[in-house]
Each structure stands twice: as C-alpha cells, then as structure tokens.
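Coordinates from input.json are shown below (JSON, C-alpha atoms).
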```
[["chain", "number", "residue", "atom", "x", "y", "z"],
["O", 21, "MET", "CA", 0.00, 0.00, 0.00],
["O", 22, "MET", "CA", 1.22, 3.47, -0.92],
["O", 23, "THR", "CA", 1.05, 6.13, 1.71],
["O", 24, "PRO", "CA", -0.97, 9.23, 0.65],
["O", 25, "ASN", "CA", 2.30, 11.12, 0.32],
["O", 26, "ARG", "CA", 3.69, 8.57, -2.10],
["O", 27, "ALA", "CA", 0.54, 8.84, -4.19],
["O", 28, "LEU", "CA", 1.08, 12.60, -4.36],
["O", 29, "LEU", "CA", 4.47, 12.00, -5.92],
["O", 30, "VAL", "CA", 2.81, 10.58, -9.04],
["O", 31, "LEU", "CA", 0.79, 13.77, -9.48],
["O", 32, "PRO", "CA", 3.42, 15.74, -11.44],
["O", 33, "LEU", "CA", 3.85, 12.81, -13.79],
["O", 34, "LEU", "CA", 0.09, 12.64, -14.31],
["O", 35, "LEU", "CA", -0.09, 16.36, -14.95],
["O", 36, "PHE", "CA", 2.73, 16.07, -17.43],
["O", 37, "ALA", "CA", 0.91, 13.24, -19.19],
["O", 38, "VAL", "CA", -2.26, 15.33, -19.47],
["O", 39, "VAL", "CA", -0.37, 18.30, -20.91],
["O", 40, "ALA", "CA", 1.59, 16.05, -23.28],
["O", 41, "VAL", "CA", -1.56, 14.37, -24.58],
["O", 42, "PHE", "CA", -3.14, 17.81, -25.12],
["O", 43, "LEU", "CA", -0.12, 19.13, -27.01],
["O", 44, "VAL", "CA", 0.44, 16.04, -29.14],
["O", 45, "GLY", "CA", -3.27, 15.90, -29.91],
["O", 46, "ASN", "CA", -3.18, 19.45, -31.21],
["O", 47, "LEU", "CA", -0.04, 19.01, -33.32],
["O", 48, "GLY", "CA", -1.92, 17.88, -36.37],
["O", 49, "ARG", "CA", -4.63, 20.51, -36.15],
["O", 50, "PRO", "CA", -4.50, 23.16, -38.87],
["O", 51, "GLN", "CA", -3.40, 26.58, -37.66],
["O", 52, "GLN", "CA", -5.86, 28.54, -39.75],
["O", 53, "ALA", "CA", -8.95, 29.33, -37.75],
["O", 54, "VAL", "CA", -12.19, 29.79, -39.68],
["O", 55, "LEU", "CA", -13.33, 33.25, -38.83],
["O", 56, "LYS", "CA", -17.03, 33.96, -38.78],
["O", 57, "SER", "CA", -17.92, 37.60, -38.63],
["O", 58, "ALA", "CA", -19.05, 38.73, -35.21],
["O", 59, "MET", "CA", -21.43, 41.05, -37.08],
["O", 60, "VAL", "CA", -24.01, 38.33, -37.73],
["O", 61, "GLY", "CA", -27.12, 39.41, -35.83],
["O", 62, "LYS", "CA", -26.10, 43.05, -35.85],
["O", 63, "PRO", "CA", -27.17, 45.86, -38.16],
["O", 64, "VAL", "CA", -24.99, 46.66, -41.17],
["O", 65, "PRO", "CA", -22.75, 49.60, -40.22],
["O", 66, "GLN", "CA", -23.64, 52.98, -41.73],
["O", 67, "PHE", "CA", -22.00, 53.30, -45.10],
["O", 68, "ALA", "CA", -22.38, 54.78, -48.56],
["O", 69, "LEU", "CA", -20.23, 53.51, -51.41],
["O", 70, "PRO", "CA", -20.04, 55.14, -54.85],
["O", 71, "GLY", "CA", -21.30, 53.16, -57.82],
["O", 72, "LEU", "CA", -19.63, 52.06, -61.02],
["O", 73, "ASP", "CA", -19.51, 54.67, -63.83],
["O", 74, "GLY", "CA", -21.79, 56.99, -61.92],
["O", 75, "GLY", "CA", -24.35, 54.17, -61.60],
["O", 76, "PRO", "CA", -26.24, 53.55, -58.39],
["O", 77, "GLY", "CA", -23.89, 52.94, -55.48],
["O", 78, "LEU", "CA", -24.64, 50.92, -52.39],
["O", 79, "SER", "CA", -25.46, 52.34, -48.98],
["O", 80, "SER", "CA", -26.79, 51.02, -45.70],
["O", 81, "ARG", "CA", -30.12, 52.70, -46.57],
["O", 82, "ASP", "CA", -30.47, 50.44, -49.62],
["O", 83, "LEU", "CA", -30.14, 47.43, -47.34],
["O", 84, "ALA", "CA", -32.93, 48.53, -45.02],
["O", 85, "GLY", "CA", -35.50, 48.79, -47.78],
["O", 86, "GLY", "CA", -37.86, 46.08, -46.53],
["O", 87, "ALA", "CA", -36.76, 43.01, -48.50],
["O", 88, "PRO", "CA", -33.86, 40.71, -47.65],
["O", 89, "ALA", "CA", -30.88, 40.74, -49.99],
["O", 90, "LEU", "CA", -27.56, 39.03, -50.56],
["O", 91, "VAL", "CA", -24.48, 41.22, -50.28],
["O", 92, "ASN", "CA", -21.56, 39.70, -52.14],
["O", 93, "VAL", "CA", -18.01, 40.89, -51.46],
["O", 94, "PHE", "CA", -15.97, 40.33, -54.63],
["O", 95, "ALA", "CA", -13.07, 41.57, -56.73],
["O", 96, "SER", "CA", -11.95, 41.13, -60.31],
["O", 97, "TRP", "CA", -8.56, 39.81, -59.15],
["O", 98, "CYS", "CA", -10.16, 37.04, -57.11],
["O", 99, "LEU", "CA", -10.25, 33.68, -58.88],
["O", 100, "PRO", "CA", -12.92, 32.02, -56.69],
["O", 101, "CYS", "CA", -15.14, 35.02, -57.53],
["O", 102, "GLN", "CA", -15.06, 33.93, -61.17],
["O", 103, "VAL", "CA", -15.87, 30.39, -60.12],
["O", 104, "GLU", "CA", -18.92, 31.45, -58.14],
["O", 105, "ALA", "CA", -20.23, 33.86, -60.81],
["O", 106, "PRO", "CA", -22.56, 31.31, -62.46],
["O", 107, "HIS", "CA", -24.05, 30.43, -59.08],
["O", 108, "LEU", "CA", -24.69, 34.09, -58.32],
["O", 109, "ALA", "CA", -26.48, 34.23, -61.66],
["O", 110, "THR", "CA", -28.59, 31.23, -60.64],
["O", 111, "LEU", "CA", -29.48, 32.94, -57.36],
["O", 112, "ALA", "CA", -30.53, 36.08, -59.26],
["O", 113, "ARG", "CA", -32.61, 33.98, -61.67],
["O", 114, "GLN", "CA", -34.37, 32.35, -58.74],
["O", 115, "GLY", "CA", -35.50, 35.76, -57.56],
["O", 116, "ALA", "CA", -32.84, 36.72, -55.03],
["O", 117, "THR", "CA", -31.81, 40.37, -54.84],
["O", 118, "LEU", "CA", -28.03, 40.65, -54.99],
["O", 119, "HIS", "CA", -25.79, 43.59, -54.26],
["O", 120, "GLY", "CA", -22.06, 43.61, -54.84],
["O", 121, "ILE", "CA", -19.20, 45.28, -53.04],
["O", 122, "ALA", "CA", -16.07, 45.43, -55.20],
["O", 123, "VAL", "CA", -13.09, 45.35, -52.88],
["O", 124, "ARG", "CA", -9.70, 46.87, -53.67],
["O", 125, "ASP", "CA", -10.44, 46.97, -57.33],
["O", 126, "GLY", "CA", -10.06, 49.58, -60.07],
["O", 127, "PRO", "CA", -13.40, 50.56, -61.64],
["O", 128, "ALA", "CA", -12.19, 49.50, -65.11],
["O", 129, "ASP", "CA", -11.26, 46.03, -63.82],
["O", 130, "THR", "CA", -14.59, 45.67, -62.04],
["O", 131, "ARG", "CA", -16.41, 46.71, -65.21],
["O", 132, "ASP", "CA", -14.50, 44.16, -67.29],
["O", 133, "PHE", "CA", -15.11, 41.45, -64.72],
["O", 134, "LEU", "CA", -18.87, 42.04, -64.71],
["O", 135, "ALA", "CA", -18.96, 42.23, -68.50],
["O", 136, "LYS", "CA", -17.13, 38.93, -68.80],
["O", 137, "HIS", "CA", -18.71, 36.91, -65.99],
["O", 138, "GLY", "CA", -22.15, 38.50, -65.88],
["O", 139, "ASN", "CA", -23.60, 41.10, -63.58],
["O", 140, "PRO", "CA", -26.18, 39.63, -61.21],
["O", 141, "PHE", "CA", -26.15, 42.71, -58.98],
["O", 142, "ALA", "CA", -28.92, 45.26, -58.53],
["O", 143, "ARG", "CA", -26.35, 47.65, -57.08],
["O", 144, "VAL", "CA", -22.57, 47.64, -56.99],
["O", 145, "GLY", "CA", -20.61, 49.63, -54.45],
["O", 146, "ILE", "CA", -16.94, 50.45, -55.02],
["O", 147, "ASP", "CA", -14.80, 49.89, -51.94],
["O", 148, "ARG", "CA", -11.37, 50.91, -53.18],
["O", 149, "GLY", "CA", -9.60, 50.84, -49.83],
["O", 150, "GLY", "CA", -11.34, 47.71, -48.56],
["O", 151, "GLN", "CA", -12.56, 49.62, -45.52],
["O", 152, "MET", "CA", -16.16, 48.51, -45.99],
["O", 153, "MET", "CA", -14.99, 44.92, -46.03],
["O", 154, "LEU", "CA", -13.44, 45.43, -42.60],
["O", 155, "ALA", "CA", -16.56, 47.19, -41.36],
["O", 156, "LEU", "CA", -18.56, 44.07, -42.26],
["O", 157, "GLY", "CA", -16.18, 41.83, -40.35],
["O", 158, "SER", "CA", -15.29, 40.05, -43.56],
["O", 159, "THR", "CA", -11.98, 38.18, -43.76],
["O", 160, "GLY", "CA", -11.60, 37.62, -47.47],
["O", 161, "VAL", "CA", -13.13, 37.53, -50.90],
["O", 162, "PRO", "CA", -15.51, 36.18, -51.88],
["O", 163, "GLU", "CA", -17.92, 36.31, -49.01],
["O", 164, "THR", "CA", -21.68, 36.64, -49.03],
["O", 165, "PHE", "CA", -23.94, 38.10, -46.38],
["O", 166, "VAL", "CA", -27.69, 37.68, -46.00],
["O", 167, "VAL", "CA", -29.12, 41.01, -44.86],
["O", 168, "ASP", "CA", -32.75, 41.16, -43.84],
["O", 169, "GLY", "CA", -35.21, 43.93, -44.74],
["O", 170, "ARG", "CA", -34.31, 45.98, -41.69],
["O", 171, "GLY", "CA", -30.62, 45.98, -42.54],
["O", 172, "ILE", "CA", -29.59, 43.35, -40.02],
["O", 173, "ILE", "CA", -26.93, 40.82, -41.02],
["O", 174, "ARG", "CA", -28.48, 37.40, -40.62],
["O", 175, "TYR", "CA", -26.05, 34.99, -42.20],
["O", 176, "GLN", "CA", -22.54, 34.86, -43.58],
["O", 177, "HIS", "CA", -21.25, 32.53, -46.25],
["O", 178, "LEU", "CA", -17.45, 32.23, -46.28],
["O", 179, "GLY", "CA", -15.63, 31.58, -49.51],
["O", 180, "ASP", "CA", -17.10, 31.00, -52.93],
["O", 181, "ILE", "CA", -20.67, 29.85, -53.41],
["O", 182, "LYS", "CA", -20.81, 26.39, -54.91],
["O", 183, "ALA", "CA", -23.75, 24.77, -56.65],
["O", 184, "VAL", "CA", -24.68, 22.97, -53.43],
["O", 185, "ASP", "CA", -24.82, 26.24, -51.49],
["O", 186, "VAL", "CA", -27.47, 27.87, -53.66],
["O", 187, "ALA", "CA", -30.42, 26.13, -52.01],
["O", 188, "ASN", "CA", -29.09, 26.93, -48.55],
["O", 189, "LEU", "CA", -28.68, 30.63, -49.37],
["O", 190, "LEU", "CA", -32.20, 30.80, -50.79],
["O", 191, "ARG", "CA", -33.42, 29.20, -47.56],
["O", 192, "GLU", "CA", -31.50, 31.72, -45.46],
["O", 193, "LEU", "CA", -33.00, 34.53, -47.53],
["O", 194, "GLU", "CA", -36.48, 33.12, -46.93],
["O", 195, "ARG", "CA", -35.78, 32.88, -43.20],
["O", 196, "ALA", "CA", -34.68, 36.51, -43.16],
["O", 197, "ARG", "CA", -37.98, 37.62, -44.64],
["F", 11, "MET", "CA", 13.51, 21.99, -65.49],
["F", 12, "ARG", "CA", 14.53, 25.53, -64.74],
["F", 13, "LEU", "CA", 11.85, 26.67, -67.15],
["F", 14, "LEU", "CA", 9.27, 24.65, -65.26],
["F", 15, "VAL", "CA", 10.28, 26.21, -61.96],
["F", 16, "ALA", "CA", 10.09, 29.66, -63.52],
["F", 17, "ALA", "CA", 6.63, 28.90, -64.89],
["F", 18, "VAL", "CA", 5.41, 27.69, -61.50],
["F", 19, "LEU", "CA", 6.86, 30.76, -59.81],
["F", 20, "ALA", "CA", 5.20, 33.01, -62.37],
["F", 21, "LEU", "CA", 1.84, 31.38, -61.72],
["F", 22, "LEU", "CA", 2.11, 31.52, -57.93],
["F", 23, "PRO", "CA", 0.71, 35.03, -57.53],
["F", 24, "LEU", "CA", -2.43, 33.90, -59.36],
["F", 25, "ALA", "CA", -3.06, 31.31, -56.71],
["F", 26, "HIS", "CA", -3.10, 34.07, -54.19],
["F", 27, "GLY", "CA", -5.04, 36.73, -56.01],
["F", 28, "ALA", "CA", -4.86, 39.26, -53.24],
["F", 29, "ALA", "CA", -1.09, 39.37, -53.31],
["F", 30, "GLN", "CA", -0.78, 41.01, -56.68],
["F", 31, "GLN", "CA", -2.95, 44.00, -55.90],
["F", 32, "PRO", "CA", -0.92, 47.19, -55.96],
["F", 33, "THR", "CA", -0.81, 48.64, -52.50],
["F", 34, "ALA", "CA", -1.50, 52.28, -51.90],
["F", 35, "LEU", "CA", 1.34, 54.19, -50.38],
["F", 36, "GLU", "CA", 1.42, 53.70, -46.65],
["F", 37, "ALA", "CA", 2.48, 56.94, -45.09],
["F", 38, "PRO", "CA", 3.07, 57.29, -41.37],
["F", 39, "LEU", "CA", 0.96, 59.88, -39.61],
["F", 40, "GLY", "CA", 2.37, 63.38, -39.42],
["F", 41, "ASP", "CA", 1.84, 63.58, -35.68],
["F", 42, "ALA", "CA", 4.61, 61.45, -34.11],
["F", 43, "ARG", "CA", 2.61, 60.77, -30.92],
["F", 44, "LYS", "CA", -0.37, 59.51, -32.91],
["F", 45, "GLU", "CA", 1.85, 57.42, -35.16],
["F", 46, "ALA", "CA", 3.41, 55.81, -32.09],
["F", 47, "ALA", "CA", -0.04, 55.03, -30.68],
["F", 48, "ALA", "CA", -1.12, 53.59, -34.03],
["F", 49, "LEU", "CA", 2.01, 51.42, -34.27],
["F", 50, "ALA", "CA", 1.53, 50.14, -30.73],
["F", 51, "LEU", "CA", -2.03, 49.12, -31.60],
["F", 52, "MET", "CA", -0.90, 47.47, -34.85],
["F", 53, "ARG", "CA", 1.39, 45.22, -32.87],
["F", 54, "GLU", "CA", -1.60, 44.09, -30.80],
["F", 55, "LEU", "CA", -3.95, 43.31, -33.68],
["F", 56, "ARG", "CA", -3.85, 39.97, -35.39],
["F", 57, "CYS", "CA", -3.62, 39.70, -39.14],
["F", 58, "LEU", "CA", -6.69, 37.77, -40.28],
["F", 59, "GLN", "CA", -5.01, 36.32, -43.33],
["F", 60, "CYS", "CA", -1.75, 35.06, -41.87],
["F", 61, "GLN", "CA", -3.24, 34.75, -38.40],
["F", 62, "ASN", "CA", -0.13, 34.29, -36.30],
["F", 63, "GLU", "CA", 1.38, 37.61, -37.25],
["F", 64, "SER", "CA", 0.35, 41.03, -36.06],
["F", 65, "ILE", "CA", -0.79, 43.51, -38.68],
["F", 66, "ALA", "CA", 2.36, 45.52, -37.92],
["F", 67, "GLU", "CA", 4.59, 42.78, -39.29],
["F", 68, "SER", "CA", 2.40, 41.19, -41.94],
["F", 69, "ASN", "CA", 2.47, 42.22, -45.58],
["F", 70, "ALA", "CA", -0.84, 40.58, -46.44],
["F", 71, "PRO", "CA", -3.29, 42.88, -48.21],
["F", 72, "GLN", "CA", -5.80, 42.53, -45.42],
["F", 73, "ALA", "CA", -3.18, 43.61, -42.88],
["F", 74, "GLU", "CA", -2.50, 46.66, -45.00],
["F", 75, "MET", "CA", -6.22, 47.48, -45.04],
["F", 76, "MET", "CA", -6.33, 47.12, -41.28],
["F", 77, "ARG", "CA", -3.27, 49.34, -40.80],
["F", 78, "ARG", "CA", -4.91, 51.96, -42.96],
["F", 79, "MET", "CA", -8.06, 51.75, -40.87],
["F", 80, "VAL", "CA", -6.05, 52.05, -37.64],
["F", 81, "ARG", "CA", -4.18, 55.13, -38.90],
["F", 82, "GLU", "CA", -7.35, 56.76, -40.20],
["F", 83, "ARG", "CA", -9.14, 56.36, -36.90],
["F", 84, "ILE", "CA", -6.22, 57.38, -34.72],
["F", 85, "ALA", "CA", -5.67, 60.41, -36.95],
["F", 86, "ALA", "CA", -9.33, 61.33, -36.52],
["F", 87, "GLY", "CA", -8.70, 61.49, -32.79],
["F", 88, "GLU", "CA", -10.07, 58.15, -31.64],
["F", 89, "ASP", "CA", -8.15, 56.56, -28.80],
["F", 90, "PRO", "CA", -6.49, 53.17, -29.40],
["F", 91, "LYS", "CA", -8.90, 51.35, -27.10],
["F", 92, "THR", "CA", -11.91, 52.51, -29.12],
["F", 93, "VAL", "CA", -10.23, 51.40, -32.34],
["F", 94, "ARG", "CA", -9.39, 48.03, -30.87],
["F", 95, "ASP", "CA", -12.97, 47.62, -29.66],
["F", 96, "TRP", "CA", -14.14, 48.43, -33.18],
["F", 97, "PHE", "CA", -12.15, 45.48, -34.50],
["F", 98, "ILE", "CA", -13.24, 43.20, -31.65],
["F", 99, "GLU", "CA", -16.88, 44.05, -32.40],
["F", 100, "ARG", "CA", -16.36, 42.72, -35.91],
["F", 101, "TYR", "CA", -13.91, 39.87, -35.55],
["F", 102, "GLY", "CA", -14.28, 38.84, -31.91],
["F", 103, "ASP", "CA", -11.66, 38.76, -29.16],
["F", 104, "TRP", "CA", -9.56, 36.64, -31.44],
["F", 105, "VAL", "CA", -8.41, 39.67, -33.44],
["F", 106, "THR", "CA", -6.35, 40.99, -30.57],
["F", 107, "PHE", "CA", -3.29, 39.40, -28.98],
["F", 108, "MET", "CA", -4.44, 40.88, -25.66],
["F", 109, "PRO", "CA", -7.81, 39.22, -25.07],
["F", 110, "PRO", "CA", -9.87, 41.47, -22.80],
["F", 111, "PRO", "CA", -10.72, 39.99, -19.36],
["F", 112, "GLY", "CA", -14.28, 38.67, -19.27],
["F", 113, "PRO", "CA", -16.27, 35.54, -18.49],
["F", 114, "GLU", "CA", -14.86, 33.71, -21.53],
["F", 115, "THR", "CA", -11.24, 34.56, -20.78],
["F", 116, "ALA", "CA", -11.52, 34.24, -16.98],
["F", 117, "LEU", "CA", -9.76, 30.88, -17.02],
["F", 118, "LEU", "CA", -6.95, 32.27, -19.15],
["F", 119, "TRP", "CA", -6.32, 35.23, -16.90],
["F", 120, "ALA", "CA", -6.92, 33.44, -13.59],
["F", 121, "THR", "CA", -4.80, 30.34, -14.23],
["F", 122, "PRO", "CA", -1.39, 31.97, -13.59],
["F", 123, "VAL", "CA", -2.64, 33.59, -10.39],
["F", 124, "VAL", "CA", -4.22, 30.36, -9.14],
["F", 125, "LEU", "CA", -1.11, 28.33, -9.97],
["F", 126, "LEU", "CA", 1.12, 30.87, -8.26],
["F", 127, "GLY", "CA", -1.13, 30.71, -5.20],
["F", 128, "LEU", "CA", -1.03, 26.91, -5.13],
["F", 129, "GLY", "CA", 2.74, 26.96, -5.52],
["F", 130, "GLY", "CA", 3.03, 29.45, -2.69],
["F", 131, "LEU", "CA", 0.88, 27.27, -0.44],
["F", 132, "ALA", "CA", 2.96, 24.20, -1.27],
["F", 133, "ALA", "CA", 6.19, 26.08, -0.58],
["F", 134, "LEU", "CA", 4.81, 27.37, 2.69],
["F", 135, "ARG", "CA", 3.90, 23.88, 3.83],
["F", 136, "LEU", "CA", 7.29, 22.52, 2.83],
["F", 137, "PHE", "CA", 9.17, 25.21, 4.74],
["F", 138, "ARG", "CA", 7.00, 24.83, 7.82],
["F", 139, "ARG", "CA", 7.98, 21.19, 8.17]]
```

Show me this structure written as structure tokens.
Amino acid sequence: MMTPNRALLVLPLLLFAVVAVFLVGNLGRPQQAVLKSAMVGKPVPQFALPGLDGGPGLSSRDLAGGAPALVNVFASWCLPCQVEAPHLATLARQGATLHGIAVRDGPADTRDFLAKHGNPFARVGIDRGGQMMLALGSTGVPETFVVDGRGIIRYQHLGDIKAVDVANLLRELERAR
Amino acid sequence: MRLLVAAVLALLPLAHGAAQQPTALEAPLGDARKEAAALALMRELRCLQCQNESIAESNAPQAEMMRRMVRERIAAGEDPKTVRDWFIERYGDWVTFMPPPGPETALLWATPVVLLGLGGLAALRLFRR
C-alpha cells in the first residue's frame, strides 16, 4: 500500500501526461482558424459607397428597404469570384436580390469582370480601400452576407458559393424575410 | 527543369489573387505621438489572413487594409482602445493578442494567479515542516 504522500508524488507525472496528450493531440490541427464575422445578428454599419460609372452605389439605406438581400463581397482579381459567378447568376434567376461590393479593385477592372462573368447585382458599391470589407467583419473575398429587410446581417457565407450552397442561401433569404 | 520552376513561380501570384494588388502608399501619420499610438495598436492586432502575425509585421493585403483603418481612426482622434474595440466588435476577441478579461477569458487570466497561489501554499507547507 502506498502512503498518501507517495501517491502525491505521481501527481506531477500525471499532470505532465495530461499536458503532453493535449499538445500532441493538437499538433496535427490546422493553424488557420475559420473566422465567422461577429457582425451576424447586428445591423450593417452605416456606409455609402459610390457606384460604377456613376451608376447607383450601395449604402446602408439600400439594405434597409424592406426586403432581404444578398451582399456579395468580390473583386476582379479574385479567382474564386469567377468560379462562383454562375451560381450568383442562378441565385438572381431564382429571384434573389443581390448587391455587390467590389473590394480593392479599379473601376475599369470591375467593369471588365462584370462584362465577362455576368452582372447579377442590382447595385454595386466600389470599396477601393477595402474599408467597408473590414466594417462588415469580412476576412476575405468572396464572401456573401444575408441582410434582412431591416438591414440586419443574418447569415454569412465564407468563400465561394458552390452549386450545393445555392439552395441553402435561398433558404437563409427566406428565413430573413 | 529551370523553365518549369520559372513557370510555376510566375503562376504563384495567381493562386493568391490578393497578393498582386498594388498597394496604396502607406504613409506614417504626421503627428509622431499619434503614429506611435497607431504602431503600438498594430502590434496588438492579429492579421486575419496570416493569423499568427500582427498587422504591424504582416504584408498581407488585409493587414494593410487594417493598418490603414487604424491610422485613419487614430488620426481622426479616436483613442487606441476605441479602435481596438471596433475590430473586436467585428472579428471577436480573437483579433487581438491581448484578449480582454471577461467571463470567456476568466480561465486564461486566472490560471497563472491560481497556480502561483497553489505553488506558494505548497512552498509554505514545505518550509514549515
């Protein structure tokens, strides 16, 4: 029989084992954390972005107009944005209202991009410095937000929209109604 | 072979679209005190793209955007805490390397104190004997 004191001597070893298991277990875990915006559930911050070629821009007022909409953060230099373009078109065809925010992009490049890959957007806002992207709590392009009719962010889709995501986004739009 | 390597290297920037964007000139603030405050804050904010670097040391486009935002706000007279809170509101505590004390970080902040206390108690008992 061990005396209680003897038993206590094993404690450091046990503690070490626990820490070691924790560390080894985490070795294989990827470092990149997936960052959801903390803005989901909050109103879109006040903003007003200029439009393309003097066209209608995008402002927080446009997003509080009564009907839910998708706000897509994109850029002409972003390859996944080209990949998701057909799916944005599908969403528009199925009756979704889409607005675009062109991030860190020259107007000419944005224009070419939309001409080449289609323009599913009711409004496009030009965010040259990317400051609006930060204000939305977005971590990269492309990203898509569901904003309800009162201008509250209800859902965030990270990365490009794939064919399988279309139904889900339509459902989220319906839920935001 | 060398040609292949060159071709791969030439294509690399495409894989990381953001990297080839020309960056606007990053000028330090005219006011040295404000610039120092902005720089101090930049060292505390995490780059969201490269994640284990602060935005002060990262050259990712998103870090540059964040630096610009920090400078703009500090220049407009906001204090660093307000600016940091602005980022936390959007990206969560995770965006700062100094997580604010709160219910979620209680364990993090209390552990060293508790351990030190336990160690002190153990030492006390040992010396008493």

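Of the residues listed (F:Asn69, F:Glu36, F:Val93, F:Glu88), F:Val93 shows the shortest atom-to-atom separation from Ala155 in chain O; distances use only C-alpha atoms.
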
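Here CA of Leu39 in chain F and CA of Ala122 in chain O stand 27.2 Å from one another.
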
Using all atoms listed in the file for the distances, tell me which of F:Ala73, F:Leu118, F:Ala85, F:Ala42 is nearest to chain O.
F:Ala73

Closest atom pairs, residues of chain O within 7 Å of chain F, only C-alpha atoms, as JSON lines:
```
{"residue": "O:Gln52", "atom": "CA", "partner": "F:Gln61", "partner_atom": "CA", "distance": 6.9}
{"residue": "O:Ser57", "atom": "CA", "partner": "F:Tyr101", "partner_atom": "CA", "distance": 5.5}
{"residue": "O:Ala58", "atom": "CA", "partner": "F:Arg100", "partner_atom": "CA", "distance": 4.9}
{"residue": "O:Met59", "atom": "CA", "partner": "F:Arg100", "partner_atom": "CA", "distance": 5.5}
{"residue": "O:Trp97", "atom": "CA", "partner": "F:Gly27", "partner_atom": "CA", "distance": 5.6}
{"residue": "O:Cys98", "atom": "CA", "partner": "F:Gly27", "partner_atom": "CA", "distance": 5.2}
{"residue": "O:Leu99", "atom": "CA", "partner": "F:Gly27", "partner_atom": "CA", "distance": 6.7}
{"residue": "O:Gly149", "atom": "CA", "partner": "F:Met75", "partner_atom": "CA", "distance": 6.8}
{"residue": "O:Gly150", "atom": "CA", "partner": "F:Met75", "partner_atom": "CA", "distance": 6.2}
{"residue": "O:Gln151", "atom": "CA", "partner": "F:Met75", "partner_atom": "CA", "distance": 6.7}
{"residue": "O:Leu156", "atom": "CA", "partner": "F:Arg100", "partner_atom": "CA", "distance": 6.9}
{"residue": "O:Gly157", "atom": "CA", "partner": "F:Arg100", "partner_atom": "CA", "distance": 4.5}
{"residue": "O:Thr159", "atom": "CA", "partner": "F:Leu58", "partner_atom": "CA", "distance": 6.3}
```

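Here CA of Arg170 in chain O and CA of Ser79 in chain O stand 13.1 Å from one another.
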
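Relative to CA of Ser80 in chain O, CA of Arg191 in chain O is found at 22.9 Å.
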
Find the spatial neighbours of Ala84 in chain O, counting only C-alpha atoms, within a cut-off of 8 Å - ignore same-chain residues fewer than 3 positions away - and output them as a PyMOL selection string.
chain O and resi 80-81+87+168-172

Each side padded by 4 Å, which centre and which edge lengths in Å (one decimal) define the axis-aligned box around the listed atoms of range 78-88 of chain F? Give them as lines of an AutoDock Vina configuration file.
```
center_x = -7.1
center_y = 56.6
center_z = -37.3
size_x = 13.9
size_y = 17.7
size_z = 19.3
```

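When the distance limit is 10 Å and only C-alpha atoms are what count, the residues near Val93 in chain O, minus those fewer than 4 positions from it on the same chain, are Cys101, His119, Gly120, Ile121, Ala122, Val123, Val144, Gly145, Asp147, Gly150, Met152, Met153, Leu156, Ser158, Gly160, Val161, Pro162, Glu163, Thr164, Phe165 and Gly179 of chain O.
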
Choose the residue, out of O:Leu55, O:Ala40, O:Leu111, O:Ile146, that has the smallest atom-to-atom separation from Phe94 in chain O; count all atoms listed in the file.
O:Ile146
